[in-house]
$ cat coords24.txt   # compact mmCIF, C-alpha atoms and all ligand atoms
# COMPACT_ATOMS: atom_id res chain seq x y z
CA MET P 1 13.23 -48.55 39.76
CA GLN P 2 13.49 -52.26 39.32
CA ARG P 3 13.77 -54.28 42.47
CA LYS P 4 16.83 -56.35 43.00
CA SER P 5 17.41 -59.05 45.50
CA GLY P 6 19.96 -58.35 48.23
CA PHE P 7 22.12 -61.06 46.75
CA SER P 8 22.43 -59.50 43.31
CA VAL P 9 23.14 -56.09 44.86
CA LEU P 10 25.92 -57.78 46.83
CA LEU P 11 27.27 -59.34 43.63
CA ILE P 12 27.30 -55.98 41.91
CA LEU P 13 29.08 -54.46 44.89
CA ILE P 14 31.70 -57.20 44.82
CA PHE P 15 32.13 -56.74 41.11
CA VAL P 16 32.48 -52.95 41.44
CA THR P 17 34.96 -53.38 44.28
CA LEU P 18 37.04 -55.88 42.35
CA PHE P 19 36.89 -53.78 39.23
CA SER P 20 37.98 -50.59 40.94
CA ALA P 21 40.73 -52.42 42.82
CA ALA P 22 42.00 -53.79 39.52
CA SER P 23 41.85 -50.43 37.74
CA LYS P 24 45.12 -48.64 37.19
CA PRO P 25 46.45 -46.23 39.79
CA GLU P 26 46.19 -42.58 38.90
CA ASP P 27 48.88 -41.35 36.51
CA PRO P 28 51.05 -39.00 38.57
CA ARG P 29 52.43 -37.26 35.49
CA ALA P 30 51.45 -33.77 34.51
CA GLU P 31 50.25 -33.43 30.93
CA ILE P 32 51.64 -30.83 28.57
CA THR P 33 48.56 -29.96 26.60
CA SER P 34 49.68 -27.24 24.23
CA LEU P 35 52.65 -25.29 22.97
CA ARG P 36 52.67 -21.81 21.51
CA TYR P 37 55.34 -19.27 20.85
CA HIS P 38 55.67 -15.57 20.22
CA GLN P 39 58.55 -13.71 18.69
CA HIS P 40 58.78 -10.52 20.65
CA LEU P 41 61.08 -7.66 19.90
CA GLU P 42 63.75 -8.59 22.40
CA PHE P 43 63.08 -12.21 23.09
CA ILE P 44 61.36 -15.33 21.91
CA ARG P 45 58.73 -16.72 24.21
CA ILE P 46 57.73 -20.37 24.26
CA VAL P 47 54.72 -21.24 26.38
CA LEU P 48 53.84 -24.76 27.46
CA GLU P 49 50.48 -25.35 29.02
CA ILE P 50 50.77 -28.00 31.69
CA ASP P 51 48.02 -29.27 33.94
CA LYS P 52 50.20 -29.55 37.05
CA ILE P 53 53.31 -27.70 38.11
CA ARG P 54 56.37 -29.89 37.84
CA GLU P 55 60.06 -29.60 38.56
CA PHE P 56 62.29 -28.77 35.61
CA TYR P 57 65.94 -28.58 34.76
CA SER P 58 67.64 -26.75 31.92
CA ALA P 59 71.13 -26.83 30.43
CA GLU P 60 73.11 -26.13 27.29
CA LEU P 61 74.88 -28.56 24.99
CA LYS P 62 77.58 -28.02 22.36
CA ASN P 63 78.18 -29.49 18.87
CA PRO P 64 75.67 -28.58 17.69
CA GLU P 65 74.62 -25.82 20.07
CA ARG P 66 71.43 -26.68 21.84
CA PHE P 67 69.52 -25.64 24.87
CA TYR P 68 67.21 -28.09 26.57
CA LEU P 69 64.60 -28.06 29.26
CA ASP P 70 63.59 -31.28 30.99
CA ILE P 71 60.24 -31.35 32.72
CA PHE P 72 60.04 -34.18 35.21
CA GLN P 73 57.00 -36.31 35.94
CA ALA P 74 55.37 -35.10 32.79
CA LYS P 75 53.92 -36.48 29.58
CA LEU P 76 53.12 -35.02 26.20
CA ASN P 77 49.64 -34.78 24.85
CA PRO P 78 49.60 -37.06 21.76
CA SER P 79 48.95 -34.03 19.53
CA LEU P 80 52.41 -32.70 20.41
CA HIS P 81 54.41 -35.84 19.74
CA GLY P 82 57.11 -35.38 17.15
CA LYS P 83 56.26 -31.72 16.53
CA SER P 84 59.06 -29.51 15.35
CA PHE P 85 58.91 -25.74 14.92
CA GLU P 86 61.03 -23.63 12.65
CA LEU P 87 61.79 -20.02 13.48
CA GLN P 88 62.96 -16.99 11.57
CA SER P 89 65.22 -15.76 14.31
CA SER P 90 68.84 -14.87 14.88
CA CYS P 91 69.07 -17.26 17.77
CA ILE P 92 66.78 -20.27 17.60
CA LYS P 93 66.75 -22.32 14.42
CA THR P 94 64.19 -24.89 15.42
CA PHE P 95 62.73 -26.37 18.54
CA ARG P 96 60.92 -29.56 19.35
CA LEU P 97 59.20 -31.45 22.13
CA ALA P 98 59.77 -35.10 22.87
CA GLN P 99 58.94 -37.66 25.52
CA LYS P 100 62.52 -38.34 26.59
CA ASN P 101 61.53 -41.21 28.82
CA PRO P 102 58.24 -42.28 30.41
CA SER P 103 58.42 -39.56 33.06
CA THR P 104 60.39 -36.76 31.41
CA VAL P 105 59.47 -34.40 28.60
CA ARG P 106 62.30 -32.58 26.87
CA LEU P 107 62.09 -29.33 24.98
CA THR P 108 65.14 -28.91 22.75
CA LEU P 109 66.12 -25.65 21.04
CA GLU P 110 68.59 -25.82 18.17
CA LEU P 111 70.63 -22.61 18.35
CA TYR P 112 72.87 -20.66 16.03
CA PRO P 113 76.41 -20.76 17.45
CA ASN P 114 77.03 -18.27 20.22
CA SER P 115 73.72 -16.50 19.62
CA LYS P 116 71.88 -16.83 22.91
CA ASP P 117 72.39 -14.27 25.64
CA ARG P 118 70.24 -15.68 28.41
CA GLU P 119 66.89 -17.23 29.20
CA LYS P 120 64.22 -16.95 31.84
CA ILE P 121 62.06 -19.89 32.82
CA TYR P 122 59.10 -19.52 35.13
CA TYR P 123 55.57 -20.61 35.83
CA LEU P 124 52.40 -18.59 35.42
CA LYS P 125 49.03 -19.63 36.79
CA ASP P 126 45.40 -19.96 35.61
CA PRO P 127 46.00 -21.99 33.58
CA ASN P 128 49.41 -23.32 34.60
CA ARG P 129 51.97 -22.37 32.00
CA LEU P 130 55.68 -22.93 31.88
CA VAL P 131 57.20 -19.96 30.10
CA ILE P 132 60.61 -19.95 28.45
CA ASP P 133 61.90 -16.55 27.31
CA VAL P 134 65.04 -16.73 25.21
CA TYR P 135 67.06 -13.54 24.74
CA PRO P 136 69.34 -13.40 21.71
CA LYS P 137 72.73 -11.80 22.09
CA ALA P 138 72.96 -8.02 21.58
CA LEU P 139 70.06 -8.12 19.19
CA ALA P 140 67.78 -5.83 21.12
CA LYS P 141 70.02 -2.78 20.71
CA GLU P 142 70.42 -3.17 16.97
CA ILE P 143 66.74 -3.33 16.15
CA LYS P 144 65.20 0.09 15.68
CA GLU P 145 61.82 -0.82 14.33
CA PRO P 146 59.56 -3.34 15.94
CA ALA P 147 59.63 -6.55 13.98
CA PRO P 148 56.37 -8.33 13.35
CA ALA P 149 55.77 -10.86 16.05
CA SER P 150 54.20 -14.17 15.35
CA THR P 151 51.83 -16.16 17.44
CA THR P 152 51.00 -19.76 16.88
CA ASN P 153 49.21 -22.44 18.71
CA ALA P 154 51.17 -25.62 18.16
CA LYS P 155 51.06 -24.97 14.42
CA PRO P 156 54.02 -23.21 12.85
CA SER P 157 52.05 -22.71 9.64
CA GLY P 158 49.21 -20.76 11.20
CA GLN P 159 51.19 -17.67 12.11
CA THR P 160 49.40 -14.38 12.56
CA ALA P 161 51.36 -11.18 12.73
CA THR P 162 50.71 -9.20 15.85
CA ARG P 163 52.72 -6.60 17.66
CA PRO P 164 53.79 -7.48 21.14
CA LYS P 165 51.56 -5.36 23.33
CA GLU P 166 51.97 -6.59 26.83
CA GLN P 167 55.15 -6.70 28.81
CA PRO P 168 56.05 -10.08 30.23
CA PRO P 169 54.26 -10.41 33.58
CA GLN P 170 57.14 -9.89 35.99
CA PRO P 171 59.14 -13.06 35.82
CA PRO P 172 61.71 -13.57 38.54
CA SER P 173 65.06 -11.98 37.82
CA PRO P 174 67.26 -13.99 35.50
CA SER P 175 69.95 -16.25 36.75
CA SER P 176 72.34 -18.65 35.11
CA SER P 177 70.95 -21.55 33.18
CA GLY P 178 70.42 -24.92 34.77
CA TYR P 179 68.40 -23.46 37.56
CA SER P 180 65.42 -25.11 39.05
CA LEU P 181 61.98 -23.93 39.90
CA VAL P 182 62.84 -23.44 43.53
CA ARG P 183 65.60 -20.99 42.87
CA GLN P 184 63.58 -19.37 40.12
CA LEU P 185 60.88 -18.51 42.57
CA GLY P 186 63.38 -17.41 45.17
CA LEU P 187 61.92 -19.71 47.75
CA GLY P 188 63.11 -20.06 51.26
CA VAL P 189 63.87 -23.76 51.52
CA LYS P 190 67.63 -24.21 51.43
CA ARG P 191 68.48 -26.35 54.40
CA ILE P 192 66.78 -29.60 55.19
CA VAL P 193 67.44 -31.72 58.26
CA LEU P 194 66.57 -35.40 57.96
CA ASP P 195 66.23 -37.33 61.16
CA PRO P 196 66.64 -41.11 60.94
CA GLY P 197 64.56 -42.39 63.86
CA HIS P 198 66.14 -44.10 66.88
CA GLY P 199 69.76 -45.36 66.78
CA GLY P 200 72.43 -46.77 69.06
CA THR P 201 70.92 -48.37 72.13
CA ASP P 202 67.40 -47.63 70.83
CA PRO P 203 66.68 -49.96 67.89
CA GLY P 204 63.10 -48.75 67.36
CA CYS P 205 60.73 -51.48 66.27
CA LEU P 206 61.90 -54.85 65.04
CA SER P 207 60.54 -57.03 62.29
CA ARG P 208 59.93 -60.73 62.68
CA SER P 209 63.16 -61.54 60.87
CA GLY P 210 65.13 -59.07 62.95
CA LEU P 211 65.19 -56.00 60.69
CA LYS P 212 65.70 -52.95 62.89
CA GLU P 213 63.85 -49.69 62.43
CA LYS P 214 66.99 -47.67 63.24
CA ASP P 215 68.96 -49.28 60.38
CA VAL P 216 66.25 -49.02 57.73
CA ALA P 217 65.46 -45.42 58.71
CA LEU P 218 69.13 -44.43 58.43
CA ASP P 219 69.49 -46.07 55.03
CA ILE P 220 66.36 -44.33 53.68
CA ALA P 221 67.52 -40.99 55.11
CA ARG P 222 70.89 -41.36 53.39
CA ARG P 223 69.19 -42.14 50.10
CA LEU P 224 66.87 -39.16 50.46
CA LYS P 225 69.83 -36.91 51.26
CA ARG P 226 71.56 -38.04 48.08
CA ILE P 227 68.46 -37.45 45.93
CA LEU P 228 67.91 -34.00 47.43
CA GLU P 229 71.53 -33.05 46.94
CA THR P 230 71.48 -33.92 43.25
CA GLN P 231 68.99 -31.05 42.87
CA GLY P 232 71.86 -28.71 43.62
CA GLN P 233 69.81 -26.28 45.66
CA PHE P 234 69.58 -27.83 49.08
CA GLU P 235 71.96 -28.30 51.95
CA VAL P 236 70.96 -31.52 53.63
CA PHE P 237 72.00 -32.65 57.10
CA LEU P 238 71.35 -35.88 58.97
CA THR P 239 70.81 -35.72 62.72
CA ARG P 240 72.80 -38.93 62.88
CA ASP P 241 74.86 -40.56 60.18
CA GLY P 242 75.71 -43.72 62.05
CA ASP P 243 74.38 -46.08 64.65
CA ILE P 244 74.53 -43.72 67.60
CA THR P 245 72.21 -42.96 70.47
CA LEU P 246 70.76 -39.49 70.09
CA PRO P 247 68.19 -38.03 72.50
CA LEU P 248 64.99 -36.81 70.82
CA GLU P 249 65.39 -33.32 72.20
CA LYS P 250 68.79 -32.98 70.57
CA ARG P 251 67.41 -33.74 67.12
CA THR P 252 65.23 -30.66 66.80
CA ALA P 253 67.86 -28.63 68.65
CA PHE P 254 70.28 -29.68 65.91
CA ALA P 255 67.82 -28.54 63.22
CA ASN P 256 67.32 -25.19 64.97
CA GLN P 257 71.03 -24.73 65.34
CA LYS P 258 71.56 -25.44 61.62
CA GLY P 259 68.89 -22.88 60.78
CA ALA P 260 67.03 -25.58 58.84
CA ASP P 261 63.95 -24.74 56.81
CA LEU P 262 62.44 -28.22 57.06
CA PHE P 263 62.74 -31.08 59.52
CA ILE P 264 61.71 -34.59 58.56
CA SER P 265 61.90 -37.49 60.97
CA ILE P 266 61.87 -40.89 59.26
CA HIS P 267 60.41 -43.94 60.99
CA LEU P 268 59.05 -47.40 60.36
CA ASN P 269 55.71 -48.40 61.74
CA ALA P 270 54.74 -51.48 63.71
CA SER P 271 51.19 -52.47 64.39
CA PRO P 272 49.65 -55.34 66.37
CA LYS P 273 47.40 -55.69 63.34
CA LYS P 274 49.75 -57.59 61.04
CA THR P 275 47.70 -56.93 57.90
CA ARG P 276 48.13 -53.18 58.23
CA THR P 277 50.36 -51.60 55.59
CA GLY P 278 51.12 -48.18 54.19
CA VAL P 279 52.02 -44.70 55.27
CA GLU P 280 51.10 -42.63 58.32
CA THR P 281 52.34 -39.07 58.70
CA PHE P 282 52.37 -36.77 61.71
CA TYR P 283 52.81 -33.17 62.65
CA LEU P 284 52.94 -31.91 66.18
CA ASN P 285 49.63 -31.63 67.95
CA PHE P 286 47.78 -32.91 70.92
CA SER P 287 45.83 -35.94 69.77
CA PRO P 288 42.48 -37.18 71.05
CA ASP P 289 43.16 -40.52 69.35
CA PRO P 290 44.43 -43.22 71.78
CA ALA P 291 46.07 -45.14 68.91
CA VAL P 292 48.07 -42.09 67.95
CA ASN P 293 49.09 -41.52 71.55
CA GLU P 294 50.15 -45.13 71.83
CA LEU P 295 52.35 -44.79 68.76
CA ALA P 296 53.71 -41.49 70.06
CA ALA P 297 54.52 -43.17 73.36
CA LYS P 298 56.53 -45.77 71.46
CA GLU P 299 58.37 -43.17 69.45
CA ASN P 300 58.90 -41.12 72.59
CA ALA P 301 60.18 -44.06 74.59
CA SER P 302 63.77 -42.88 74.62
CA SER P 303 62.77 -39.57 76.16
CA THR P 304 62.95 -39.05 79.88
CA LYS P 305 59.85 -36.85 79.88
CA ASN P 306 56.45 -38.36 80.53
CA ILE P 307 53.30 -37.94 78.47
CA ARG P 308 51.54 -35.77 81.03
CA GLU P 309 54.46 -33.38 81.19
CA MET P 310 54.49 -33.37 77.47
CA LYS P 311 50.82 -32.50 76.99
CA LEU P 312 51.37 -29.29 78.89
CA ILE P 313 54.33 -28.41 76.74
CA VAL P 314 52.60 -29.36 73.50
CA GLU P 315 49.64 -27.15 74.28
CA LYS P 316 51.96 -24.26 74.95
CA ILE P 317 54.06 -24.85 71.89
CA ILE P 318 51.24 -25.25 69.43
CA LYS P 319 50.32 -21.62 69.84
CA ASN P 320 53.68 -20.56 68.44
CA SER P 321 54.70 -23.47 66.28
CA LYS P 322 54.66 -23.81 62.53
CA TYR P 323 51.40 -25.68 62.81
CA GLU P 324 49.89 -24.79 59.42
CA GLU P 325 53.10 -25.30 57.51
CA SER P 326 53.86 -28.56 59.25
CA ARG P 327 50.43 -29.87 58.44
CA ASP P 328 50.80 -28.82 54.84
CA LEU P 329 54.25 -30.40 54.58
CA ALA P 330 52.89 -33.58 56.18
CA GLU P 331 50.01 -33.73 53.65
CA LYS P 332 52.30 -33.38 50.68
CA ILE P 333 54.87 -35.87 51.90
CA HIS P 334 52.14 -38.32 52.81
CA GLN P 335 50.31 -38.19 49.47
CA ASN P 336 53.44 -38.34 47.37
CA LEU P 337 54.97 -41.21 49.28
CA LEU P 338 51.75 -43.18 49.39
CA ASN P 339 51.00 -42.64 45.70
CA HIS P 340 54.53 -43.53 44.68
CA LEU P 341 54.49 -46.76 46.68
CA LYS P 342 51.01 -47.66 45.44
CA HIS P 343 51.98 -46.94 41.88
CA ASN P 344 55.07 -49.13 42.05
CA PHE P 345 54.19 -51.80 44.58
CA GLY P 346 50.41 -52.07 44.60
CA PRO P 347 47.69 -51.12 47.06
CA ARG P 348 48.47 -50.25 50.66
CA ASP P 349 46.65 -48.52 53.48
CA ASP P 350 46.30 -44.78 53.64
CA LEU P 351 46.57 -44.23 57.37
CA GLY P 352 46.30 -40.52 56.99
CA VAL P 353 47.91 -37.32 58.19
CA LYS P 354 47.45 -36.74 61.89
CA GLY P 355 48.49 -34.54 64.72
CA GLY P 356 50.42 -36.36 67.42
CA PRO P 357 52.44 -35.53 70.52
CA PHE P 358 55.90 -36.48 69.34
CA TRP P 359 58.84 -35.27 71.35
CA VAL P 360 61.07 -35.17 68.34
CA LEU P 361 58.84 -32.50 66.77
CA ILE P 362 58.64 -30.28 69.81
CA GLY P 363 60.59 -27.07 69.78
CA SER P 364 61.37 -27.08 66.09
CA GLU P 365 61.51 -23.61 64.63
CA MET P 366 60.64 -24.84 61.14
CA PRO P 367 57.91 -27.01 59.60
CA ALA P 368 58.49 -30.45 61.07
CA VAL P 369 56.93 -33.82 60.35
CA LEU P 370 57.38 -37.41 61.37
CA VAL P 371 56.63 -39.99 58.73
CA GLU P 372 56.10 -43.69 59.29
CA VAL P 373 57.07 -44.78 55.82
CA SER P 374 55.96 -48.43 55.88
CA HIS P 375 55.32 -51.30 58.29
CA LEU P 376 57.97 -53.60 59.66
CA SER P 377 55.12 -55.56 61.24
CA ASN P 378 53.61 -56.49 57.89
CA GLN P 379 55.29 -59.42 56.20
CA LYS P 380 54.98 -58.08 52.67
CA GLU P 381 56.30 -54.63 53.51
CA GLU P 382 59.02 -56.13 55.68
CA GLU P 383 60.24 -58.23 52.74
CA ALA P 384 60.10 -55.18 50.48
CA LEU P 385 62.01 -53.10 53.03
CA LYS P 386 64.93 -55.48 52.72
CA THR P 387 65.40 -54.48 49.08
CA ASP P 388 67.26 -51.51 47.62
CA ILE P 389 64.53 -50.86 45.11
CA TYR P 390 61.86 -50.39 47.76
CA ARG P 391 64.06 -48.21 49.98
CA GLU P 392 64.93 -46.09 47.00
CA ALA P 393 61.23 -45.79 46.15
CA VAL P 394 60.48 -44.64 49.69
CA ALA P 395 63.21 -42.01 49.42
CA THR P 396 61.87 -40.92 46.04
CA GLY P 397 58.32 -40.63 47.38
CA LEU P 398 59.54 -38.51 50.28
CA PHE P 399 61.56 -36.41 47.87
CA ARG P 400 58.53 -35.74 45.70
CA GLY P 401 56.54 -34.64 48.70
CA ILE P 402 59.28 -32.25 49.78
CA MET P 403 59.51 -30.83 46.28
CA GLU P 404 55.76 -30.33 46.05
CA TYR P 405 55.82 -28.49 49.35
CA VAL P 406 58.77 -26.34 48.31
CA LYS P 407 57.04 -25.46 45.06
CA SER P 408 53.76 -24.68 46.78
CA LEU P 409 55.46 -21.94 48.77
CA GLY P 410 55.80 -19.95 45.59
CA LYS P 411 52.09 -20.01 44.82
CA GLY P 412 50.87 -18.13 47.85
ZN ZN P 501 60.20 -44.97 65.25

$ encode --input "coords24.txt" --output "structure tokens"
Amino acid sequence: MQRKSGFSVLLILIFVTLFSAASKPEDPRAEITSLRYHQHLEFIRIVLEIDKIREFYSAELKNPERFYLDIFQAKLNPSLHGKSFELQSSCIKTFRLAQKNPSTVRLTLELYPNSKDREKIYYLKDPNRLVIDVYPKALAKEIKEPAPASTTNAKPSGQTATRPKEQPPQPPSPSSSGYSLVRQLGLGVKRIVLDPGHGGTDPGCLSRSGLKEKDVALDIARRLKRILETQGQFEVFLTRDGDITLPLEKRTAFANQKGADLFISIHLNASPKKTRTGVETFYLNFSPDPAVNELAAKENASSTKNIREMKLIVEKIIKNSKYEESRDLAEKIHQNLLNHLKHNFGPRDDLGVKGGPFWVLIGSEMPAVLVEVSHLSNQKEEEALKTDIYREAVATGLFRGIMEYVKSLGKG
């Protein structure tokens, strides 16, 4: 190996660092890599291979009759752009895939009027496939002989006649159209409690220009509630929907009383290190890290209990708490929020997912996390936090994390 002086090695390092810092952030979109379809006896199956599982939404349109499926946070492989497929069926005339907008792929089926009975949409794994089974109306009973089924791989011309051998691998029971993945999989998350940190006499941390944590946290929580509610499958509650003083203990008690499936406490960070930015996410645990305990002490300030008293309780509670789930929820919220902010607003610090002794998480009967979404102590993030666009992005990042967690429950 050729020898290099320390100086040139340093130069290379600087160059590599600069280059990687300037490189684009990772594309969060899932790629749809292939499409194939089979005409079975009783239904038509369309299979999309997708490298990551993504949320979808389906609905019907009239004049002309169409059925569409939107896959969010997804992109089409270039080989699928502008592809249209013609079918010899009593129900679907043609179907096509298109990149509806930069983050949404739409599958559109052109239908014969009043010909579709129902559809089932579900994911299968290894590799990830989104499967759409379309059942024509009353056709199944009329057919006596099995019709030849066709199989193609993104090429309508290359059809090979095969008889459908295998039964569909136990999709979830059908429901009305327009349903989402969560309901499809029959998952448990229905009620979500969002907890805007602080409030009333407790302002939380303050920025240099006087922005209060309690106000920003409430605004982000309201935005997140709205985004979650547009999904149509969650009931979302705020522990406080105004500038009121609310003891920490009452916040989890509220979530328990509501029978919530998730509890998310939203906070803004403040650090003596003014350059520090980014996201830090916590689940309940006893922490050996003094910095975490210092932050917890700040967040716990409105509680009448002391840290020593708390350690005893935390140790007791951890044995029975939703430790694994909370950690998992924290990881997903953290990554999604951080990636979304990085993607839209540039680099920021990944302060990690940590256990911490937070009063507000104690006693929750559901997965519970506390997320410090950005820093009021950092000038750049403080300025951003004054804007609607940044607050909306924070809410969107949190939303994505929640959705990823909800979806992951169905994979187990
Ligand atoms: Zn706080």

$ residues_near_ligand --input "coords24.txt" --ligand "ligand ZN 501 (chain P)" --cutoff "9 Å" --atoms "only C-alpha atoms and all ligand atoms" --output "list in words"
Pro196, Gly197, His198, Pro203, Gly204, Cys205, Glu213, Lys214, Ala217, Ser265, Ile266, His267, Leu268, Asn269, Ala270, Leu295, Ala296, Lys298, Glu299, Asn300, Leu370, Val371 and Glu372 of chain P

$ residues_around --input "coords24.txt" --residues "P:Val369" --least-positions-apart "4" --cutoff "7 Å" --atoms "all atoms listed in the file" --output "ChimeraX atom specification"
/P:263-265,282-283,326,330,361

$ atom_distance --input "coords24.txt" --atom1 "atom CA of P:Tyr68" --atom2 "atom CA of P:Gln88"
19.1 Å

$ axis_aligned_box --input "coords24.txt" --around "stretch 40-54 of chain P" --padding-each-side "3 Å" --output "JSON"
{"center_x": 55.9, "center_y": -18.8, "center_z": 29.0, "size_x": 21.7, "size_y": 28.2, "size_z": 24.2}

$ closest_residue --input "coords24.txt" --among "P:Ile50, P:Ala291, P:Leu338, P:Ile244" --to "P:Leu130" --atoms "all atoms listed in the file"
P:Ile50

$ residues_near_point --input "coords24.txt" --point "(51.8, -56.5, 54.0)" --cutoff "10 Å" --atoms "all atoms listed in the file" --output "PyMOL selection string"
chain P and resi 274-278+347-349+374-384

$ residues_around --input "coords24.txt" --residues "P:Asp117" --least-positions-apart "4" --cutoff "6 Å" --atoms "all atoms listed in the file" --output "list in words"
Tyr135, Pro136 and Lys137 of chain P

$ atom_distance --input "coords24.txt" --atom1 "atom CA of P:Lys322" --atom2 "atom CA of P:Ala368"
7.8 Å

$ residues_around --input "coords24.txt" --residues "P:Ala138" --least-positions-apart "6" --cutoff "10 Å" --atoms "all atoms listed in the file" --output "NGL selection string"
:P and (42 or 115-117)

$ closest_residue --input "coords24.txt" --among "P:Arg223, P:Val216, P:Leu238, P:Val193" --to "P:Glu365" --atoms "only C-alpha atoms"
P:Val193

$ atom_distance --input "coords24.txt" --atom1 "atom CA of P:Ala260" --atom2 "atom CA of P:Lys407"
17.0 Å

$ residues_around --input "coords24.txt" --residues "P:Pro113" --least-positions-apart "2" --cutoff "12 Å" --atoms "only C-alpha atoms" --output "list in words"
Glu60, Leu61, Lys62, Asn63, Pro64, Glu65, Arg66, Phe67, Ser90, Cys91, Ile92, Lys93, Leu109, Glu110, Leu111, Ser115, Lys116, Asp117, Pro136 and Lys137 of chain P

$ closest_residue --input "coords24.txt" --among "P:Leu398, P:Leu76, P:Ile46, P:Leu262" --to "P:Ile333" --atoms "all atoms listed in the file"
P:Leu398

$ closest_residue --input "coords24.txt" --among "P:Ala395, P:Leu35, P:Val406, P:Leu206" --to "P:Leu194" --atoms "only C-alpha atoms"
P:Ala395

$ residues_around --input "coords24.txt" --residues "P:Arg191" --least-positions-apart "3" --cutoff "12 Å" --atoms "all atoms listed in the file" --output "list in words"
Leu187, Gly188, Leu194, Lys225, Leu228, Glu229, Gly232, Gln233, Phe234, Glu235, Val236, Phe237, Leu238, Ala255, Asn256, Gln257, Lys258, Gly259, Ala260, Asp261, Leu262, Phe263, Ile264, Met366, Pro367, Ile402 and Val406 of chain P

$ closest_residue --input "coords24.txt" --among "P:Ile227, P:Leu409, P:Val47, P:Ala74" --to "P:Ala30" --atoms "only C-alpha atoms"
P:Ala74

$ residues_near_point --input "coords24.txt" --point "(51.5, -37.4, 45.0)" --cutoff "10 Å" --atoms "all atoms listed in the file" --output "mmCIF file with C-alpha atoms, in the frame of the given file"
data_model
loop_
_atom_site.group_PDB
_atom_site.id
_atom_site.type_symbol
_atom_site.label_atom_id
_atom_site.label_comp_id
_atom_site.auth_asym_id
_atom_site.auth_seq_id
_atom_site.Cartn_x
_atom_site.Cartn_y
_atom_site.Cartn_z
ATOM 1 C CA GLU P 26 46.190 -42.580 38.900
ATOM 2 C CA ASP P 27 48.880 -41.350 36.510
ATOM 3 C CA PRO P 28 51.050 -39.000 38.570
ATOM 4 C CA ARG P 29 52.430 -37.260 35.490
ATOM 5 C CA GLU P 331 50.010 -33.730 53.650
ATOM 6 C CA LYS P 332 52.300 -33.380 50.680
ATOM 7 C CA ILE P 333 54.870 -35.870 51.900
ATOM 8 C CA HIS P 334 52.140 -38.320 52.810
ATOM 9 C CA GLN P 335 50.310 -38.190 49.470
ATOM 10 C CA ASN P 336 53.440 -38.340 47.370
ATOM 11 C CA LEU P 337 54.970 -41.210 49.280
ATOM 12 C CA LEU P 338 51.750 -43.180 49.390
ATOM 13 C CA ASN P 339 51.000 -42.640 45.700
ATOM 14 C CA HIS P 340 54.530 -43.530 44.680
ATOM 15 C CA LEU P 341 54.490 -46.760 46.680
ATOM 16 C CA GLY P 397 58.320 -40.630 47.380
ATOM 17 C CA LEU P 398 59.540 -38.510 50.280
ATOM 18 C CA ARG P 400 58.530 -35.740 45.700
ATOM 19 C CA GLY P 401 56.540 -34.640 48.700
ATOM 20 C CA GLU P 404 55.760 -30.330 46.050
#

$ closest_residue --input "coords24.txt" --among "P:Val279, P:Tyr37, P:Ile132, P:Leu329" --to "P:Arg118" --atoms "all atoms listed in the file"
P:Ile132
